[in-house]
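Next comes protein00.txt, a file with compact mmCIF, C-alpha atoms and all ligand atoms.
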```txt
# COMPACT_ATOMS: atom_id res chain seq x y z
CA MET A 52 -21.94 -43.48 76.71
CA GLN A 53 -22.10 -45.96 73.84
CA LYS A 54 -24.26 -43.90 71.52
CA ILE A 55 -24.28 -40.25 70.46
CA PRO A 56 -27.46 -38.60 71.86
CA SER A 57 -29.86 -36.73 69.53
CA VAL A 58 -31.36 -33.29 70.25
CA ASP A 59 -33.74 -30.93 68.46
CA LEU A 60 -32.86 -27.21 68.22
CA GLN A 61 -36.54 -26.36 67.71
CA GLN A 62 -37.04 -27.21 71.38
CA PHE A 63 -34.62 -24.45 72.31
CA LEU A 64 -36.29 -22.02 69.92
CA SER A 65 -39.77 -22.74 71.30
CA ASN A 66 -41.64 -20.27 73.52
CA GLN A 67 -42.04 -22.88 76.22
CA ALA A 68 -39.49 -22.40 79.00
CA ILE A 69 -39.72 -26.08 79.88
CA ASP A 70 -38.74 -27.19 76.34
CA LYS A 71 -35.93 -24.69 76.22
CA GLN A 72 -34.54 -25.92 79.54
CA ALA A 73 -34.87 -29.56 78.44
CA PHE A 74 -32.69 -28.82 75.38
CA VAL A 75 -30.12 -27.06 77.59
CA GLU A 76 -29.90 -30.08 79.92
CA GLN A 77 -29.70 -32.62 77.09
CA ILE A 78 -26.97 -30.89 75.13
CA GLY A 79 -25.08 -29.85 78.28
CA ASN A 80 -25.09 -33.39 79.64
CA ALA A 81 -24.03 -34.86 76.29
CA PHE A 82 -21.17 -32.36 75.98
CA SER A 83 -20.07 -33.03 79.60
CA ASN A 84 -19.88 -36.72 78.80
CA ILE A 85 -19.17 -37.76 75.21
CA GLY A 86 -18.65 -34.27 73.75
CA PHE A 87 -20.87 -34.99 70.70
CA VAL A 88 -24.58 -34.72 69.82
CA ALA A 89 -26.61 -35.20 66.65
CA LEU A 90 -28.78 -32.11 66.13
CA LYS A 91 -31.91 -31.67 64.04
CA GLY A 92 -34.13 -28.60 63.70
CA HIS A 93 -31.21 -26.48 62.37
CA PHE A 94 -31.45 -23.73 59.75
CA LEU A 95 -30.26 -25.62 56.65
CA SER A 96 -32.92 -26.62 54.14
CA ASP A 97 -32.68 -29.92 52.24
CA GLU A 98 -32.39 -27.98 48.97
CA LEU A 99 -29.45 -25.92 50.22
CA ILE A 100 -27.65 -29.04 51.46
CA GLU A 101 -28.23 -30.74 48.09
CA GLU A 102 -26.93 -27.68 46.22
CA LEU A 103 -23.80 -27.52 48.36
CA TYR A 104 -22.95 -31.18 47.74
CA GLN A 105 -23.37 -30.67 44.02
CA GLU A 106 -21.11 -27.62 43.99
CA ILE A 107 -18.47 -29.33 46.09
CA LYS A 108 -18.41 -32.35 43.81
CA ASN A 109 -18.09 -29.98 40.85
CA PHE A 110 -15.13 -28.29 42.52
CA PHE A 111 -13.21 -31.42 43.51
CA ASN A 112 -13.84 -32.85 40.01
CA LEU A 113 -12.03 -29.91 38.39
CA PRO A 114 -8.65 -30.74 36.83
CA GLN A 115 -5.83 -30.70 39.41
CA GLU A 116 -4.08 -27.76 37.67
CA ILE A 117 -7.20 -25.62 38.16
CA LYS A 118 -7.58 -26.60 41.83
CA ASN A 119 -3.90 -25.81 42.38
CA LYS A 120 -4.52 -22.22 41.25
CA TYR A 121 -6.57 -21.81 44.42
CA GLU A 122 -3.93 -23.15 46.82
CA ILE A 123 -2.37 -19.85 47.75
CA ASP A 124 0.96 -19.63 49.62
CA GLY A 125 1.12 -17.65 52.83
CA LEU A 126 -2.51 -18.08 53.88
CA GLY A 127 -1.75 -21.05 56.20
CA GLY A 128 -4.55 -22.90 54.43
CA GLN A 129 -7.08 -20.47 55.94
CA ARG A 130 -8.86 -19.74 52.63
CA GLY A 131 -9.18 -21.60 49.36
CA TYR A 132 -7.83 -25.03 48.48
CA THR A 133 -5.54 -27.39 50.42
CA SER A 134 -4.26 -30.29 48.31
CA PHE A 135 -4.27 -34.01 49.10
CA GLY A 136 -2.04 -35.21 51.96
CA LYS A 137 -0.96 -31.76 53.14
CA GLU A 138 -2.57 -31.71 56.59
CA SER A 139 -1.50 -34.17 59.25
CA ALA A 140 -3.01 -34.54 62.71
CA LYS A 141 -1.00 -33.17 65.66
CA GLY A 142 1.90 -35.57 66.39
CA LYS A 143 1.48 -37.56 63.14
CA THR A 144 3.88 -37.63 60.18
CA GLU A 145 1.63 -39.25 57.56
CA GLY A 146 -0.68 -36.73 55.86
CA ASP A 147 -4.44 -37.37 56.03
CA LEU A 148 -6.02 -38.86 52.86
CA LYS A 149 -8.02 -35.75 52.04
CA GLU A 150 -8.19 -32.49 50.07
CA PHE A 151 -10.36 -29.59 51.23
CA TRP A 152 -11.63 -26.07 50.66
CA HIS A 153 -12.03 -23.24 53.18
CA PHE A 154 -14.75 -20.62 53.16
CA GLY A 155 -14.15 -17.91 55.80
CA GLN A 156 -16.17 -15.10 57.39
CA TYR A 157 -18.29 -12.71 55.27
CA VAL A 158 -17.95 -9.28 56.85
CA ASP A 159 -20.75 -6.79 56.35
CA LYS A 160 -19.36 -3.82 54.41
CA HIS A 161 -20.59 -1.43 57.13
CA ASP A 162 -18.73 -3.21 59.94
CA VAL A 163 -15.53 -1.61 61.21
CA LEU A 164 -12.97 -4.27 62.12
CA SER A 165 -10.28 -4.10 64.81
CA GLU A 166 -6.68 -4.51 63.65
CA ALA A 167 -6.55 -8.06 65.03
CA LEU A 168 -9.67 -8.95 63.04
CA GLN A 169 -8.42 -7.36 59.83
CA LYS A 170 -5.39 -9.64 60.04
CA VAL A 171 -7.36 -12.87 60.29
CA LEU A 172 -10.51 -12.08 58.34
CA ILE A 173 -8.92 -12.24 54.94
CA PRO A 174 -11.30 -12.17 51.97
CA ASN A 175 -12.71 -15.36 50.53
CA ILE A 176 -11.23 -16.78 47.36
CA ILE A 177 -13.59 -16.81 44.40
CA VAL A 178 -13.68 -19.86 42.13
CA GLU A 179 -14.06 -18.32 38.68
CA GLU A 180 -15.06 -21.58 37.00
CA LEU A 181 -18.05 -22.18 39.34
CA PRO A 182 -20.06 -19.03 40.16
CA ASN A 183 -22.64 -20.97 42.20
CA PHE A 184 -19.98 -22.56 44.36
CA ASN A 185 -19.21 -19.16 45.92
CA ARG A 186 -22.86 -18.21 46.45
CA VAL A 187 -23.92 -21.52 47.96
CA GLY A 188 -20.83 -21.63 50.20
CA LYS A 189 -21.74 -18.22 51.63
CA GLU A 190 -25.35 -19.18 52.26
CA VAL A 191 -24.43 -22.41 54.06
CA TYR A 192 -21.75 -20.59 56.06
CA GLN A 193 -24.30 -18.09 57.33
CA GLN A 194 -26.98 -20.66 58.17
CA LEU A 195 -24.49 -22.80 60.10
CA GLU A 196 -23.18 -19.73 61.92
CA LYS A 197 -26.74 -18.92 62.96
CA THR A 198 -27.31 -22.52 64.12
CA ALA A 199 -24.07 -22.41 66.11
CA LYS A 200 -25.07 -19.12 67.75
CA TYR A 201 -28.16 -20.73 69.28
CA VAL A 202 -26.23 -23.81 70.36
CA LEU A 203 -23.76 -21.55 72.16
CA ARG A 204 -26.64 -19.68 73.79
CA ALA A 205 -27.92 -22.99 75.16
CA LEU A 206 -24.44 -23.85 76.41
CA ALA A 207 -24.10 -20.43 78.05
CA ILE A 208 -27.27 -21.17 80.06
CA TYR A 209 -25.93 -24.63 80.94
CA LEU A 210 -22.71 -22.99 82.18
CA GLU A 211 -24.74 -20.51 84.27
CA LEU A 212 -23.53 -17.57 82.22
CA ASP A 213 -25.65 -14.88 80.64
CA GLU A 214 -27.51 -16.45 77.68
CA ASN A 215 -25.80 -14.02 75.29
CA TYR A 216 -22.32 -14.50 76.76
CA PHE A 217 -20.78 -15.80 73.51
CA ASP A 218 -22.57 -13.39 71.13
CA GLU A 219 -19.94 -10.65 71.23
CA TYR A 220 -17.10 -13.13 70.68
CA ILE A 221 -18.64 -14.83 67.67
CA HIS A 222 -19.84 -11.72 65.84
CA ASN A 223 -17.43 -11.53 62.88
CA GLY A 224 -15.61 -14.52 64.34
CA ASN A 225 -12.91 -16.39 62.48
CA SER A 226 -15.05 -19.44 61.64
CA ILE A 227 -14.27 -21.75 58.75
CA LEU A 228 -16.53 -23.89 56.55
CA ARG A 229 -14.46 -26.81 55.27
CA PRO A 230 -15.85 -29.07 52.56
CA ILE A 231 -13.61 -32.17 52.55
CA HIS A 232 -13.15 -34.75 49.81
CA TYR A 233 -11.65 -38.09 50.78
CA PRO A 234 -10.90 -39.58 47.33
CA PRO A 235 -11.11 -43.27 46.44
CA ILE A 236 -8.19 -45.21 47.93
CA GLN A 237 -5.87 -46.49 45.17
CA SER A 238 -3.39 -48.63 47.08
CA GLU A 239 -2.55 -49.79 50.63
CA PRO A 240 -2.39 -46.52 52.61
CA LYS A 241 0.60 -47.57 54.85
CA GLY A 242 -0.33 -45.97 58.13
CA ALA A 243 -2.31 -43.08 56.65
CA VAL A 244 -6.03 -42.74 57.35
CA ARG A 245 -8.73 -40.45 56.02
CA ALA A 246 -8.50 -38.32 59.18
CA ALA A 247 -6.15 -39.37 61.99
CA ALA A 248 -7.32 -39.12 65.62
CA HIS A 249 -7.56 -35.49 66.72
CA GLY A 250 -9.51 -32.95 68.77
CA ASP A 251 -10.90 -29.89 66.96
CA ILE A 252 -9.25 -26.56 67.74
CA ASN A 253 -12.28 -24.25 67.80
CA LEU A 254 -15.29 -23.60 70.13
CA ILE A 255 -17.79 -26.02 68.54
CA THR A 256 -17.93 -27.91 65.23
CA LEU A 257 -21.10 -28.51 63.20
CA LEU A 258 -20.56 -31.37 60.77
CA MET A 259 -22.61 -32.07 57.66
CA GLY A 260 -22.18 -35.42 55.95
CA ALA A 261 -21.77 -37.82 58.89
CA GLN A 262 -24.57 -40.02 57.51
CA GLY A 263 -22.32 -42.84 56.31
CA ARG A 264 -19.92 -44.95 58.36
CA GLY A 265 -16.42 -43.54 58.85
CA LEU A 266 -16.47 -41.04 61.71
CA GLN A 267 -15.62 -42.55 65.08
CA VAL A 268 -15.55 -40.94 68.52
CA GLN A 269 -13.60 -42.08 71.56
CA ASN A 270 -15.84 -42.18 74.64
CA LEU A 271 -14.76 -41.64 78.27
CA GLN A 272 -14.08 -45.38 78.62
CA GLY A 273 -11.68 -45.21 75.66
CA ASP A 274 -13.89 -47.22 73.26
CA TRP A 275 -14.25 -46.05 69.64
CA ILE A 276 -17.91 -45.71 68.74
CA ASP A 277 -19.43 -44.95 65.33
CA ALA A 278 -20.92 -41.47 64.97
CA ILE A 279 -23.64 -41.73 62.34
CA ALA A 280 -26.23 -38.97 61.87
CA GLN A 281 -29.76 -39.26 60.46
CA PRO A 282 -30.35 -37.53 57.10
CA ASP A 283 -31.77 -34.41 58.81
CA GLU A 284 -29.09 -34.19 61.53
CA LEU A 285 -25.81 -32.37 61.93
CA MET A 286 -23.15 -33.88 64.17
CA ILE A 287 -21.99 -31.28 66.69
CA ASN A 288 -18.98 -31.47 68.97
CA VAL A 289 -16.99 -29.46 71.48
CA GLY A 290 -13.59 -28.17 70.35
CA ASP A 291 -10.46 -27.53 72.40
CA MET A 292 -11.17 -23.81 72.86
CA LEU A 293 -14.46 -24.52 74.64
CA SER A 294 -12.98 -27.31 76.74
CA ARG A 295 -10.19 -24.93 77.84
CA LEU A 296 -12.65 -22.15 78.66
CA THR A 297 -14.78 -24.54 80.74
CA ASN A 298 -11.75 -26.21 82.38
CA ASN A 299 -12.78 -29.47 80.68
CA LYS A 300 -16.33 -29.44 82.02
CA LEU A 301 -17.38 -29.66 78.36
CA LYS A 302 -15.30 -32.34 76.64
CA SER A 303 -13.39 -31.94 73.40
CA THR A 304 -13.49 -35.57 72.34
CA ILE A 305 -10.88 -37.27 70.19
CA HIS A 306 -12.34 -38.47 66.88
CA GLN A 307 -11.10 -39.94 63.59
CA VAL A 308 -12.27 -40.95 60.13
CA ILE A 309 -11.29 -44.53 59.41
CA ASN A 310 -10.62 -45.94 55.96
CA PRO A 311 -13.49 -47.96 54.51
CA PRO A 312 -13.24 -51.74 54.04
CA LYS A 313 -11.37 -52.74 50.88
CA GLU A 314 -14.53 -53.39 48.84
CA LEU A 315 -15.47 -49.71 49.34
CA TRP A 316 -12.06 -48.21 48.55
CA GLY A 317 -13.44 -47.06 45.22
CA THR A 318 -15.89 -44.59 46.81
CA SER A 319 -15.26 -41.00 47.82
CA ARG A 320 -16.41 -39.54 51.14
CA TYR A 321 -17.57 -35.93 51.31
CA SER A 322 -18.02 -34.25 54.66
CA ILE A 323 -18.41 -30.60 55.57
CA PRO A 324 -17.43 -29.37 59.02
CA PHE A 325 -18.14 -25.79 60.11
CA PHE A 326 -15.54 -24.84 62.71
CA MET A 327 -17.01 -22.09 64.89
CA HIS A 328 -14.20 -19.79 65.98
CA PRO A 329 -14.47 -16.63 68.08
CA VAL A 330 -12.63 -13.37 67.39
CA PRO A 331 -8.89 -13.79 68.07
CA THR A 332 -8.98 -11.48 71.09
CA MET A 333 -11.37 -13.74 73.04
CA ASP A 334 -9.72 -14.73 76.31
CA LEU A 335 -9.80 -18.50 76.84
CA THR A 336 -8.84 -18.31 80.53
CA CYS A 337 -10.83 -20.97 82.42
CA LEU A 338 -14.13 -19.55 83.69
CA ASP A 339 -14.11 -18.97 87.46
CA ASN A 340 -17.23 -21.05 87.97
CA CYS A 341 -15.59 -24.05 86.29
CA VAL A 342 -12.61 -24.07 88.67
CA SER A 343 -12.93 -25.58 92.16
CA ASP A 344 -10.95 -27.59 94.72
CA ASN A 345 -12.27 -30.77 93.08
CA ASN A 346 -11.48 -29.52 89.58
CA PRO A 347 -8.37 -27.34 89.79
CA LYS A 348 -7.44 -25.14 86.83
CA GLN A 349 -5.98 -27.35 84.08
CA TYR A 350 -4.93 -24.86 81.39
CA GLU A 351 -2.65 -21.84 80.99
CA ASP A 352 -4.32 -18.55 80.09
CA ILE A 353 -4.23 -17.87 76.34
CA SER A 354 -6.15 -15.86 73.74
CA ALA A 355 -8.07 -17.61 70.95
CA GLY A 356 -5.76 -16.06 68.33
CA ASP A 357 -2.54 -17.31 69.96
CA PHE A 358 -4.04 -20.74 70.55
CA LEU A 359 -5.08 -21.05 66.89
CA TYR A 360 -1.63 -20.02 65.70
CA GLU A 361 0.05 -22.69 67.84
CA ARG A 362 -2.30 -25.37 66.57
CA LEU A 363 -1.97 -24.45 62.89
CA LYS A 364 1.79 -24.97 63.28
CA ASP A 365 1.13 -28.43 64.80
CA LEU A 366 -1.02 -29.31 61.75
CA GLY A 367 1.72 -28.39 59.29
CA LEU A 368 -0.38 -25.57 57.80
CA ILE A 369 1.92 -22.77 59.07
CA LYS A 370 5.71 -23.19 58.87
O1 LIG B 401 -15.01 -36.12 57.83
C1 LIG B 401 -15.52 -36.19 58.94
O2 LIG B 401 -16.55 -36.82 59.14
C2 LIG B 401 -14.90 -35.49 60.14
C3 LIG B 401 -13.79 -34.55 59.80
C4 LIG B 401 -13.16 -33.95 61.01
O3 LIG B 401 -13.25 -34.43 62.11
C5 LIG B 401 -12.41 -32.68 60.88
O4 LIG B 401 -12.15 -32.24 59.74
O5 LIG B 401 -12.06 -32.09 61.91
FE FE B 402 -12.56 -33.05 63.62
```

Represent the structure of the file as structure tokens.
Ligand SMILES: O=C(O)CCC(=O)C(=O)O
Ligand SMILES: [Fe+2]
Amino acid sequence: MQKIPSVDLQQFLSNQAIDKQAFVEQIGNAFSNIGFVALKGHFLSDELIEELYQEIKNFFNLPQEIKNKYEIDGLGGQRGYTSFGKESAKGKTEGDLKEFWHFGQYVDKHDVLSEALQKVLIPNIIVEELPNFNRVGKEVYQQLEKTAKYVLRALAIYLELDENYFDEYIHNGNSILRPIHYPPIQSEPKGAVRAAAHGDINLITLLMGAQGRGLQVQNLQGDWIDAIAQPDELMINVGDMLSRLTNNKLKSTIHQVINPPKELWGTSRYSIPFFMHPVPTMDLTCLDNCVSDNNPKQYEDISAGDFLYERLKDLGLIK
């Protein structure tokens, strides 16, 4: 594939079985091949997207001493602020040229959490200087989580599972909304890039802000192709957890964010991935119906929680 296919979630939400099935086939085929699709018809309004960008710019424009207040030791970068250069892709020593914020799950006060969930679902960090930042972050988190739930329902059908297979694993899941700021580049970056080549850790990623050039995806032939979304589209991709579960039937594709040409070094890039994670107790053992003589089991059994912990160590976020 040389181009990222586009799909429309409204097709899946329609009452027409034929439209619903068409969406399932399109997204399933795209994820079995290039691992990425551009998706419109999601639950984010233009106004909400605009508000989030404004709040994120306000946050990253705060003085560094204020941002540093929100970089809290011992959280493995799971909530709040992570400063410039701290995260490096697996196997890379240079830090990525980015700073970011993490919003985590909002648990309903009536929900009773298991011990494993209490450990990972730590409360969100409130930015005192920007009251709207917290409100808008929560709203976007919940709309993206809802969008992701329907995408996973479509994938469950594609995988010949019960349509609601993923629902119990994503309810109160450990998902993360990560607004990223790639600041203007001041001097020759010497081997560092905005985001070095990597696969995402989680089940699926929904990315806002892929409208400009920068994000590139490596297709099955090994070519890097530009992933550019239309203004009303999210970029969606398969993460390593879903490729493990499906024994690589759905592909977690390597991607990167390249540095802009020198004449554009002076501009920031803002992008906002939502990493959909399940509860830590979800078993990622390859599904029986994805293992066969032609496609023998490729991964060791592991839980989502243990897999995440291993990968956060690789990223330099847990010591
Ligand atoms: O900034 C982007 O467009 C993509 C970021 C990304 O791939 C990630 O944070 O995992
Ligand atoms: Fe990524």

Applying 7 Å and all atoms listed in the file, which residues near region 212-219 of chain A remain after dropping the ones on its own chain fewer than 5 positions away? List them as a list of chain:residue names.
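My list of contacting residues is A:Leu203, A:Arg204, A:Ala207.
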
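Taking CA of Asn298 (chain A) as the reference point, CA of Leu210 (chain A) is found at 11.4 Å.
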
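If you look at CA of Phe74 (chain A) and CA of Leu60 (chain A), they are 7.3 Å away from each other.
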
Using all atoms listed in the file, which protein or nucleic acid residues come within 9 Å of region 221-229 of chain A? Drop anything in the same chain fewer than 5 positions from it, and give the result as a PyMOL selection string.
chain A and resi 129-130+151-159+162+164+168+171-172+188+191-192+195-196+200+253+322-331

Return as AutoDock Vina command-line options the box centre and box size in Å, one decimal, for an axis-aligned box around all listed atoms of ligand LIG 401 (chain B) padded by 8 Å per side.
```
--center_x -14.3 --center_y -34.5 --center_z 60.0 --size_x 20.5 --size_y 20.7 --size_z 20.3
```

Could you please determine the separation between atom O5 of ligand LIG 401 (chain B) and CA of Ile305 (chain A) in Å, to one decimal place?
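CA of Ile305 (chain A) lies 9.8 Å from atom O5 of ligand LIG 401 (chain B).
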